[in-house]
$ cat model.csv   # CSV, C-alpha atoms
chain,number,residue,atom,x,y,z
A,238,MET,CA,26.4,-66.9,9.5
A,239,SER,CA,28.4,-63.7,9.7
A,240,ALA,CA,31.9,-63.4,8.4
A,241,PRO,CA,34.7,-63.7,10.9
A,242,PRO,CA,36.0,-60.3,12.2
A,243,PHE,CA,39.0,-58.6,10.6
A,244,GLU,CA,42.0,-59.8,12.7
A,245,ILE,CA,44.7,-57.4,13.5
A,246,LEU,CA,48.0,-58.5,15.0
A,247,LEU,CA,49.4,-55.6,17.0
A,248,VAL,CA,53.0,-55.9,18.0
A,249,GLU,CA,53.7,-53.2,20.5
A,250,ASP,CA,55.7,-53.1,23.7
A,251,ASN,CA,54.4,-49.8,25.0
A,252,PRO,CA,51.1,-50.6,26.8
A,253,ASP,CA,49.8,-47.1,26.5
A,254,HIS,CA,50.2,-47.1,22.7
A,255,ALA,CA,48.6,-50.5,22.5
A,256,GLU,CA,45.6,-49.2,24.5
A,257,LEU,CA,45.3,-46.2,22.2
A,258,VAL,CA,45.2,-48.3,19.1
A,259,LYS,CA,42.6,-50.6,20.6
A,260,ARG,CA,40.4,-47.8,21.7
A,261,SER,CA,40.6,-46.0,18.3
A,262,LEU,CA,39.5,-49.1,16.4
A,263,GLU,CA,36.8,-50.1,18.9
A,264,ASP,CA,33.9,-48.5,17.2
A,265,HIS,CA,35.1,-49.0,13.6
A,266,PRO,CA,32.1,-50.0,11.4
A,267,ILE,CA,34.0,-53.2,10.3
A,268,ASP,CA,34.0,-55.8,13.0
A,269,ASN,CA,37.6,-56.3,14.1
A,270,THR,CA,39.6,-58.1,16.7
A,271,ILE,CA,43.0,-57.1,17.9
A,272,HIS,CA,45.5,-59.7,19.1
A,273,HIS,CA,48.1,-57.8,21.0
A,274,LEU,CA,51.7,-59.1,21.6
A,275,SER,CA,54.4,-57.1,23.2
A,276,ASP,CA,57.6,-58.5,21.7
A,277,GLY,CA,59.0,-59.7,18.4
A,278,GLU,CA,59.6,-63.3,19.5
A,279,ALA,CA,56.0,-63.7,20.6
A,280,ALA,CA,54.9,-62.3,17.2
A,281,LEU,CA,57.0,-64.8,15.3
A,282,ALA,CA,55.8,-67.7,17.5
A,283,TYR,CA,52.2,-66.6,16.9
A,284,LEU,CA,52.6,-66.3,13.2
A,285,PHE,CA,54.7,-69.4,12.5
A,286,ARG,CA,53.9,-72.0,15.2
A,287,PRO,CA,51.8,-74.7,13.7
A,288,GLY,CA,48.5,-75.1,15.6
A,289,VAL,CA,44.8,-75.5,15.3
A,290,ASP,CA,44.3,-72.0,14.1
A,291,THR,CA,46.8,-72.0,11.2
A,292,ASP,CA,46.7,-73.0,7.6
A,293,LEU,CA,48.3,-76.3,6.3
A,294,ARG,CA,51.8,-74.8,6.3
A,295,GLY,CA,51.6,-73.8,9.9
A,296,HIS,CA,51.2,-70.1,9.3
A,297,HIS,CA,48.7,-68.1,11.2
A,298,ARG,CA,47.2,-65.5,8.9
A,299,PRO,CA,45.9,-62.3,10.4
A,300,HIS,CA,44.3,-59.8,8.0
A,301,MET,CA,46.8,-57.1,9.0
A,302,VAL,CA,49.9,-56.6,11.1
A,303,LEU,CA,50.6,-53.4,12.9
A,304,LEU,CA,54.3,-53.5,13.8
A,305,ASP,CA,56.4,-51.3,16.1
A,306,LEU,CA,60.1,-51.3,15.2
A,307,ARG,CA,61.8,-51.1,18.6
A,308,LEU,CA,60.7,-54.3,20.2
A,309,PRO,CA,62.2,-56.5,22.9
A,310,LYS,CA,63.8,-59.8,22.0
A,311,VAL,CA,63.4,-59.7,18.2
A,312,ASP,CA,63.5,-56.3,16.4
A,313,GLY,CA,60.5,-55.2,14.3
A,314,LEU,CA,62.5,-55.2,11.1
A,315,ASP,CA,63.4,-58.8,11.7
A,316,VAL,CA,59.8,-59.7,12.3
A,317,LEU,CA,58.9,-57.9,9.0
A,318,ARG,CA,61.6,-59.8,7.1
A,319,GLU,CA,60.4,-63.2,8.4
A,320,ILE,CA,56.8,-62.3,7.4
A,321,ARG,CA,57.9,-61.3,3.9
A,322,ASN,CA,60.0,-64.5,3.5
A,323,ALA,CA,56.8,-66.5,3.9
A,324,ARG,CA,55.0,-66.6,0.6
A,325,GLU,CA,51.8,-67.5,2.3
A,326,LEU,CA,51.7,-64.2,4.1
A,327,ASP,CA,52.4,-62.1,0.9
A,328,GLU,CA,49.0,-60.5,1.0
A,329,VAL,CA,49.0,-59.6,4.6
A,330,PRO,CA,49.6,-55.9,4.9
A,331,VAL,CA,52.3,-55.0,7.4
A,332,ILE,CA,52.1,-51.4,8.6
A,333,ILE,CA,55.0,-50.0,10.5
A,334,LEU,CA,53.8,-47.9,13.5
A,335,THR,CA,56.7,-46.4,15.3
A,336,THR,CA,58.1,-43.3,17.0
A,337,SER,CA,61.1,-43.3,14.7
A,338,SER,CA,61.0,-41.2,11.6
A,339,ALA,CA,64.7,-41.8,10.9
A,340,GLU,CA,65.3,-42.0,7.2
A,341,SER,CA,67.3,-45.2,7.6
A,342,ASP,CA,64.4,-46.9,9.4
A,343,VAL,CA,62.0,-45.8,6.7
A,344,LYS,CA,64.3,-47.0,3.9
A,345,LYS,CA,65.0,-50.4,5.6
A,346,ALA,CA,61.3,-50.9,6.2
A,347,TYR,CA,60.4,-50.3,2.5
A,348,GLN,CA,63.4,-52.3,1.4
A,349,SER,CA,61.9,-55.2,3.4
A,350,HIS,CA,58.5,-54.7,1.8
A,351,ALA,CA,56.6,-53.0,4.6
A,352,ASN,CA,53.3,-51.8,3.0
A,353,SER,CA,53.3,-48.5,4.8
A,354,PHE,CA,55.2,-46.5,7.4
A,355,LEU,CA,53.5,-44.4,10.0
A,356,VAL,CA,55.0,-42.3,12.7
A,357,LYS,CA,53.1,-42.1,16.0
A,358,PRO,CA,52.0,-38.6,16.7
A,359,ASN,CA,52.9,-37.1,20.1
A,360,ASP,CA,49.4,-36.1,21.2
A,361,PHE,CA,46.5,-38.4,21.9
A,362,GLN,CA,44.0,-36.7,19.5
A,363,THR,CA,46.3,-36.9,16.5
A,364,PHE,CA,47.2,-40.5,17.4
A,365,ASP,CA,43.5,-41.3,17.4
A,366,GLU,CA,43.0,-39.6,14.0
A,367,LEU,CA,45.9,-41.5,12.5
A,368,ILE,CA,44.6,-44.9,13.7
A,369,LYS,CA,41.1,-44.1,12.5
A,370,ALA,CA,42.5,-43.1,9.0
A,371,LEU,CA,44.5,-46.3,9.0
A,372,GLY,CA,41.3,-48.2,9.9
A,373,THR,CA,39.3,-46.6,7.1
A,374,TYR,CA,41.9,-47.3,4.5
A,375,TRP,CA,43.2,-50.8,5.4
A,376,LEU,CA,40.0,-52.4,6.9
A,377,GLY,CA,37.7,-50.7,4.4
A,378,TRP,CA,39.4,-50.2,1.1
A,379,ASN,CA,42.4,-52.3,0.7
A,380,HIS,CA,41.7,-55.5,-1.2
A,381,ASP,CA,43.2,-59.0,-0.7
A,382,GLN,CA,42.0,-62.5,-1.2
A,383,GLY,CA,42.0,-63.4,2.5
A,384,LYS,CA,39.9,-60.4,3.2
A,385,ALA,CA,37.6,-61.0,0.2
A,386,LEU,CA,36.9,-64.5,1.7
A,387,SER,CA,36.2,-63.3,5.2
A,388,LYS,CA,34.3,-60.2,4.6
A,389,SER,CA,31.2,-59.2,2.7
A,390,SER,CA,31.4,-56.2,0.4
A,391,THR,CA,31.3,-53.7,3.2
A,392,THR,CA,32.0,-50.1,2.1
A,393,PRO,CA,33.7,-47.9,4.6
A,394,ARG,CA,31.4,-45.6,6.4
A,395,ARG,CA,32.2,-42.0,5.5
A,396,VAL,CA,33.7,-40.1,8.3
A,397,ARG,CA,32.6,-36.6,7.5
A,398,ASN,CA,34.6,-33.6,8.6
A,399,GLN,CA,37.5,-36.0,8.8
A,400,THR,CA,40.5,-34.1,10.2
A,401,PRO,CA,43.2,-33.7,7.6
A,402,PRO,CA,46.5,-35.2,8.6
A,403,PRO,CA,49.1,-32.8,10.2
A,404,TYR,CA,51.1,-32.4,6.9
A,405,SER,CA,48.1,-31.1,5.0
A,406,SER,CA,46.6,-28.9,7.6
A,407,SER,CA,46.3,-25.3,6.7
A,408,GLU,CA,45.3,-24.3,10.2
A,409,GLY,CA,47.7,-23.6,13.1
A,410,SER,CA,51.4,-23.5,12.5
B,225,MET,CA,51.3,-35.6,-19.5
B,226,SER,CA,49.3,-33.2,-17.4
B,227,GLN,CA,50.7,-31.7,-14.3
B,228,PHE,CA,49.7,-29.3,-11.6
B,229,GLU,CA,51.2,-28.1,-8.4
B,230,THR,CA,50.1,-26.9,-5.1
B,231,LYS,CA,52.0,-26.3,-1.9
B,232,THR,CA,51.5,-27.3,1.7
B,233,MET,CA,52.1,-25.1,4.6
B,234,ASN,CA,55.4,-26.7,5.3
B,235,GLY,CA,56.4,-26.4,1.7
B,236,ASN,CA,56.9,-30.1,1.1
B,237,ALA,CA,55.5,-31.5,-2.1
B,238,LEU,CA,55.1,-35.1,-3.0
B,239,ASN,CA,55.6,-36.4,-6.6
B,240,ILE,CA,52.9,-38.8,-7.6
B,241,LEU,CA,53.2,-40.9,-10.8
B,242,PHE,CA,49.7,-41.8,-11.9
B,243,VAL,CA,49.3,-44.4,-14.7
B,244,GLU,CA,45.8,-44.7,-16.0
B,245,ASP,CA,44.5,-45.1,-19.6
B,246,ASN,CA,40.8,-44.6,-18.9
B,247,PRO,CA,40.2,-40.9,-19.4
B,248,ASP,CA,37.1,-40.9,-17.2
B,249,HIS,CA,38.9,-42.6,-14.3
B,250,ALA,CA,41.9,-40.3,-14.8
B,251,GLU,CA,39.7,-37.2,-14.6
B,252,LEU,CA,38.1,-38.4,-11.4
B,253,VAL,CA,41.4,-39.0,-9.8
B,254,MET,CA,43.0,-35.8,-11.0
B,255,ARG,CA,40.0,-33.8,-9.8
B,256,SER,CA,40.1,-35.4,-6.4
B,257,PHE,CA,43.8,-34.7,-6.0
B,258,GLN,CA,43.3,-31.1,-7.1
B,259,ASP,CA,40.7,-30.7,-4.4
B,260,HIS,CA,43.1,-32.0,-1.8
B,261,ARG,CA,44.9,-29.5,0.2
B,262,VAL,CA,48.0,-31.7,0.3
B,263,ALA,CA,50.9,-30.4,-1.8
B,264,ASN,CA,51.6,-32.6,-4.8
B,265,THR,CA,52.8,-32.8,-8.3
B,266,ILE,CA,50.9,-35.4,-10.3
B,267,HIS,CA,52.4,-36.8,-13.5
B,268,HIS,CA,49.7,-38.6,-15.4
B,269,LEU,CA,50.7,-41.1,-18.0
B,270,THR,CA,48.4,-43.3,-20.0
B,271,ASP,CA,50.4,-46.4,-20.9
B,272,GLY,CA,52.9,-48.7,-19.3
B,273,GLU,CA,55.7,-48.0,-21.7
B,274,ALA,CA,55.6,-44.3,-21.0
B,275,ALA,CA,55.6,-45.1,-17.2
B,276,LEU,CA,58.7,-47.2,-17.7
B,277,ASP,CA,60.4,-44.4,-19.8
B,278,TYR,CA,59.6,-42.0,-17.0
B,279,LEU,CA,60.8,-44.2,-14.2
B,280,LEU,CA,63.9,-45.3,-15.9
B,281,ARG,CA,64.5,-41.9,-17.4
B,282,ARG,CA,64.8,-42.9,-21.0
B,283,ASN,CA,63.5,-41.6,-24.4
B,284,ALA,CA,61.2,-38.6,-23.8
B,285,TYR,CA,62.1,-38.6,-20.1
B,286,SER,CA,65.9,-38.7,-20.2
B,287,ASP,CA,66.1,-35.3,-18.6
B,288,PRO,CA,65.8,-35.9,-14.8
B,289,GLN,CA,64.1,-32.4,-14.5
B,290,LYS,CA,61.2,-33.8,-16.4
B,291,SER,CA,61.0,-37.0,-14.5
B,292,PRO,CA,61.5,-36.4,-10.7
B,293,ARG,CA,61.5,-39.7,-8.8
B,294,PRO,CA,57.9,-40.3,-7.5
B,295,HIS,CA,57.2,-40.7,-3.8
B,296,VAL,CA,54.3,-43.0,-4.7
B,297,VAL,CA,53.0,-44.6,-7.9
B,298,LEU,CA,49.3,-45.1,-8.5
B,299,LEU,CA,49.1,-47.8,-11.0
B,300,ASP,CA,46.3,-49.3,-13.2
B,301,LEU,CA,46.8,-52.9,-14.3
B,302,ARG,CA,45.2,-53.1,-17.7
B,303,LEU,CA,47.4,-50.7,-19.6
B,304,PRO,CA,48.3,-50.3,-23.3
B,305,LYS,CA,51.8,-51.4,-24.5
B,306,VAL,CA,53.2,-52.6,-21.2
B,307,ASP,CA,51.0,-54.2,-18.6
B,308,GLY,CA,50.7,-52.7,-15.1
B,309,LEU,CA,52.1,-55.9,-13.4
B,310,GLU,CA,55.1,-55.7,-15.6
B,311,VAL,CA,55.7,-52.0,-14.6
B,312,LEU,CA,55.4,-53.1,-11.0
B,313,LYS,CA,57.9,-55.9,-11.5
B,314,VAL,CA,60.4,-53.5,-13.1
B,315,ILE,CA,60.0,-51.0,-10.2
B,316,ARG,CA,60.8,-53.8,-7.7
B,317,SER,CA,63.9,-54.9,-9.6
B,318,SER,CA,65.4,-51.5,-10.3
B,319,GLN,CA,67.9,-50.0,-8.0
B,320,GLY,CA,66.7,-46.7,-6.7
B,321,LEU,CA,63.1,-47.5,-7.5
B,322,GLU,CA,62.6,-50.6,-5.5
B,323,LYS,CA,61.4,-48.9,-2.4
B,324,ILE,CA,58.7,-46.7,-4.0
B,325,PRO,CA,55.3,-47.4,-2.6
B,326,VAL,CA,53.0,-48.6,-5.4
B,327,VAL,CA,49.3,-48.5,-5.0
B,328,VAL,CA,47.4,-50.6,-7.5
B,329,LEU,CA,44.1,-49.1,-8.6
B,330,THR,CA,42.2,-51.3,-11.0
B,331,THR,CA,38.8,-52.6,-12.0
B,332,SER,CA,40.1,-56.2,-11.7
B,333,HIS,CA,39.5,-58.2,-8.6
B,334,ALA,CA,40.6,-61.4,-10.4
B,335,GLU,CA,42.5,-63.7,-8.1
B,336,LEU,CA,45.4,-63.9,-10.5
B,337,ASP,CA,45.9,-60.2,-10.6
B,338,VAL,CA,45.6,-59.7,-6.8
B,339,GLY,CA,48.0,-62.6,-6.2
B,340,LYS,CA,50.6,-61.4,-8.7
B,341,ALA,CA,50.4,-57.8,-7.5
B,342,TYR,CA,51.2,-58.8,-3.9
B,343,GLU,CA,53.8,-61.3,-5.1
B,344,TYR,CA,55.5,-58.3,-6.8
B,345,HIS,CA,55.1,-56.4,-3.5
B,346,ALA,CA,52.4,-53.9,-4.4
B,347,ASN,CA,51.9,-51.9,-1.2
B,348,SER,CA,48.2,-51.8,-1.5
B,349,TYR,CA,45.5,-53.1,-3.9
B,350,LEU,CA,42.4,-51.1,-4.6
B,351,VAL,CA,39.4,-52.1,-6.7
B,352,LYS,CA,37.7,-49.1,-8.4
B,353,PRO,CA,34.2,-48.9,-7.2
B,354,LEU,CA,31.6,-48.8,-10.0
B,355,ASP,CA,29.6,-46.2,-8.1
B,356,PHE,CA,30.7,-42.6,-8.7
B,357,GLU,CA,30.2,-41.5,-5.1
B,358,LYS,CA,32.1,-44.5,-3.7
B,359,PHE,CA,34.9,-43.8,-6.2
B,360,THR,CA,35.1,-40.2,-4.9
B,361,ASN,CA,35.1,-41.4,-1.3
B,362,LEU,CA,37.9,-43.9,-2.1
B,363,MET,CA,40.0,-41.1,-3.6
B,364,ASP,CA,39.4,-38.9,-0.5
B,365,ASP,CA,40.5,-41.6,1.8
B,366,LEU,CA,43.4,-42.6,-0.4
B,367,GLY,CA,44.6,-39.0,-0.5
B,368,PHE,CA,44.3,-38.6,3.3
B,369,TYR,CA,46.2,-41.8,3.9
B,370,TRP,CA,49.0,-41.8,1.3
B,371,LEU,CA,49.5,-38.1,0.9
B,372,GLY,CA,48.9,-37.1,4.5
B,373,TRP,CA,49.9,-39.8,6.9
B,374,ASN,CA,52.3,-42.1,5.2
B,375,HIS,CA,56.0,-41.6,5.5
B,376,TYR,CA,58.3,-42.1,2.4
B,377,PRO,CA,61.8,-43.3,2.0
B,378,TRP,CA,62.9,-39.8,0.9
B,379,PRO,CA,61.7,-36.3,1.8
B,380,GLY,CA,59.3,-34.2,-0.2
B,381,THR,CA,60.5,-31.4,-2.4
B,382,SER,CA,60.8,-28.3,-0.4
B,383,SER,CA,60.1,-25.1,-2.1
$ encode --input "model.csv" --output "structure tokens"
Amino acid sequence: MSAPPFEILLVEDNPDHAELVKRSLEDHPIDNTIHHLSDGEAALAYLFRPGVDTDLRGHHRPHMVLLDLRLPKVDGLDVLREIRNARELDEVPVIILTTSSAESDVKKAYQSHANSFLVKPNDFQTFDELIKALGTYWLGWNHDQGKALSKSSTTPRRVRNQTPPPYSSSEGS
Amino acid sequence: MSQFETKTMNGNALNILFVEDNPDHAELVMRSFQDHRVANTIHHLTDGEAALDYLLRRNAYSDPQKSPRPHVVLLDLRLPKVDGLEVLKVIRSSQGLEKIPVVVLTTSHAELDVGKAYEYHANSYLVKPLDFEKFTNLMDDLGFYWLGWNHYPWPGTSS
């Protein structure tokens, strides 16, 4: 029997951005499934509503959460705080993926224990590179117990000629 | 402490605090960062007490010039003098340090270590691969991700 796929909860109200994320992770070597929700309230309901697919405390435990900050109904930072208040979700990486690079947002996110803060690039190609780098790192390398249970010791496939992130590029201006 | 500096095109350099007592692992990591085109200053320390002195700017590191606040901490767990988990705990409970992303890089995949690290809000937990090539690959990907893509609560040092 094969391990269940790596489950990503994607909370994103912009349908184009959601589509881009899905497409970039589609052919990732680690089998993954993306559950997409478009507002903060739906995300909280999904994570905290007791149901068949949850653990005993009624929490649903994805392997990773990709979280936008500006969301309808419940703000991304509030979703993040609720997740971090739930001890059972301690090990679930929450990656902020937003258009805002405002210092106050970055600070608040880390204060509320976001694992990482990523700013959406403006162009499609760089966006795709970012999501692929995110996939390589978090699906492939990062270790947590939930993941250890669900996944065999897959090592990330090397993406040769990986494009360096914009900050490190020595080409262009 | 060893240190080297390079610069990016936009002149922003990140400070990395790297705490590792195993000289072989340290060399691998340092070499990988040196190869990286990303600007950075790495401060390598070999025990938990020195790491706390650096972070809290006491004893040998009371001069802030010698101990710039790191953007990211790369932390081994089994360390002499003060354990890595204790270092993490102090970071999370110290004003001005609590938001620093901490990436644990260790040989341990013991449930207790993983659980405690996340309880103290480690941003990421990495198990050192035993295989040399995999270790190098991990360092490349770690470099791309944390030094290239990730955003930090405060800007890099412009120069």
$ interface_residues --input "model.csv" --of "chain B" --to "chain A" --cutoff "8 Å" --atoms "all atoms listed in the file" --output "NGL selection string"
:B and (232-234 or 261-263 or 322-325 or 335 or 338-339 or 342-343 or 345-351 or 361-362 or 365-366 or 368-369 or 372-378)
$ residues_around --input "model.csv" --residues "region 357-360 of chain B" --least-positions-apart "4" --cutoff "9 Å" --atoms "all atoms listed in the file" --output "VMD selection string"
(chain A and resid 392) or (chain B and resid 252 to 253 256 352 to 353 364 to 365)
$ atom_distance --input "model.csv" --atom1 "CA of Ser337 (chain A)" --atom2 "CA of Arg260 (chain A)"
22.3 Å
$ atom_distance --input "model.csv" --atom1 "CA of Asp365 (chain A)" --atom2 "CA of Ser261 (chain A)"
5.6 Å
$ atom_distance --input "model.csv" --atom1 "CA of Val326 (chain B)" --atom2 "CA of Ala341 (chain B)"
9.8 Å
$ residues_around --input "model.csv" --residues "Leu246 (chain A)" --least-positions-apart "3" --cutoff "6 Å" --atoms "all atoms listed in the file" --output "PyMOL selection string"
chain A and resi 271-272+302
$ residues_around --input "model.csv" --residues "Val311 (chain A)" --least-positions-apart "5" --cutoff "9 Å" --atoms "all atoms listed in the file" --output "ChimeraX atom specification"
/A:276-281,316
$ closest_residue --input "model.csv" --among "A:Pro299, A:Ala282, A:Leu334, A:Thr363" --to "Gly313 (chain A)" --atoms "all atoms listed in the file"
A:Leu334
$ residues_around --input "model.csv" --residues "region 307-315 of chain B" --least-positions-apart "6" --cutoff "7 Å" --atoms "only C-alpha atoms" --output "MDAnalysis selection string"
chainID B and resid 272 276 299:301 321:322 341 344
$ residues_around --input "model.csv" --residues "Asp268 (chain A)" --least-positions-apart "3" --cutoff "8 Å" --atoms "all atoms listed in the file" --output "ChimeraX atom specification"
/A:242-243,265
$ residues_near_point --input "model.csv" --point "(54.3, -39.8, -10.0)" --cutoff "12 Å" --atoms "all atoms listed in the file" --output "number ranges by chain"
B: 225-228, 237-244, 264-269, 274-276, 278-279, 290-299, 321, 324-327
$ decode --input "model.csv" --residues "region 361-386 of chain A" --atoms "C-alpha atoms" --output "PDB file, in the first residue's frame"
ATOM      1  CA  PHE A 361       4.330  33.970 -14.006  1.00  0.00           C
ATOM      2  CA  GLN A 362       7.720  32.421 -14.573  1.00  0.00           C
ATOM      3  CA  THR A 363       9.212  33.666 -11.311  1.00  0.00           C
ATOM      4  CA  PHE A 364       6.007  32.699  -9.508  1.00  0.00           C
ATOM      5  CA  ASP A 365       6.400  29.180 -10.885  1.00  0.00           C
ATOM      6  CA  GLU A 366      10.066  29.065  -9.800  1.00  0.00           C
ATOM      7  CA  LEU A 367       9.141  30.184  -6.301  1.00  0.00           C
ATOM      8  CA  ILE A 368       6.455  27.504  -5.925  1.00  0.00           C
ATOM      9  CA  LYS A 369       8.814  24.837  -7.247  1.00  0.00           C
ATOM     10  CA  ALA A 370      11.516  25.915  -4.750  1.00  0.00           C
ATOM     11  CA  LEU A 371       8.890  25.832  -2.008  1.00  0.00           C
ATOM     12  CA  GLY A 372       7.906  22.329  -3.100  1.00  0.00           C
ATOM     13  CA  THR A 373      11.482  21.075  -3.156  1.00  0.00           C
ATOM     14  CA  TYR A 374      12.139  22.412   0.313  1.00  0.00           C
ATOM     15  CA  TRP A 375       8.954  21.744   2.266  1.00  0.00           C
ATOM     16  CA  LEU A 376       7.698  18.589   0.564  1.00  0.00           C
ATOM     17  CA  GLY A 377      11.162  17.144   0.135  1.00  0.00           C
ATOM     18  CA  TRP A 378      13.421  18.178   2.963  1.00  0.00           C
ATOM     19  CA  ASN A 379      11.513  19.491   5.923  1.00  0.00           C
ATOM     20  CA  HIS A 380      10.947  16.870   8.583  1.00  0.00           C
ATOM     21  CA  ASP A 381       7.996  16.406  10.902  1.00  0.00           C
ATOM     22  CA  GLN A 382       6.370  13.434  12.499  1.00  0.00           C
ATOM     23  CA  GLY A 383       3.145  13.531  10.516  1.00  0.00           C
ATOM     24  CA  LYS A 384       5.139  13.528   7.348  1.00  0.00           C
ATOM     25  CA  ALA A 385       7.470  10.813   8.590  1.00  0.00           C
ATOM     26  CA  LEU A 386       4.431   8.617   9.125  1.00  0.00           C
TER      27      LEU A 386
END
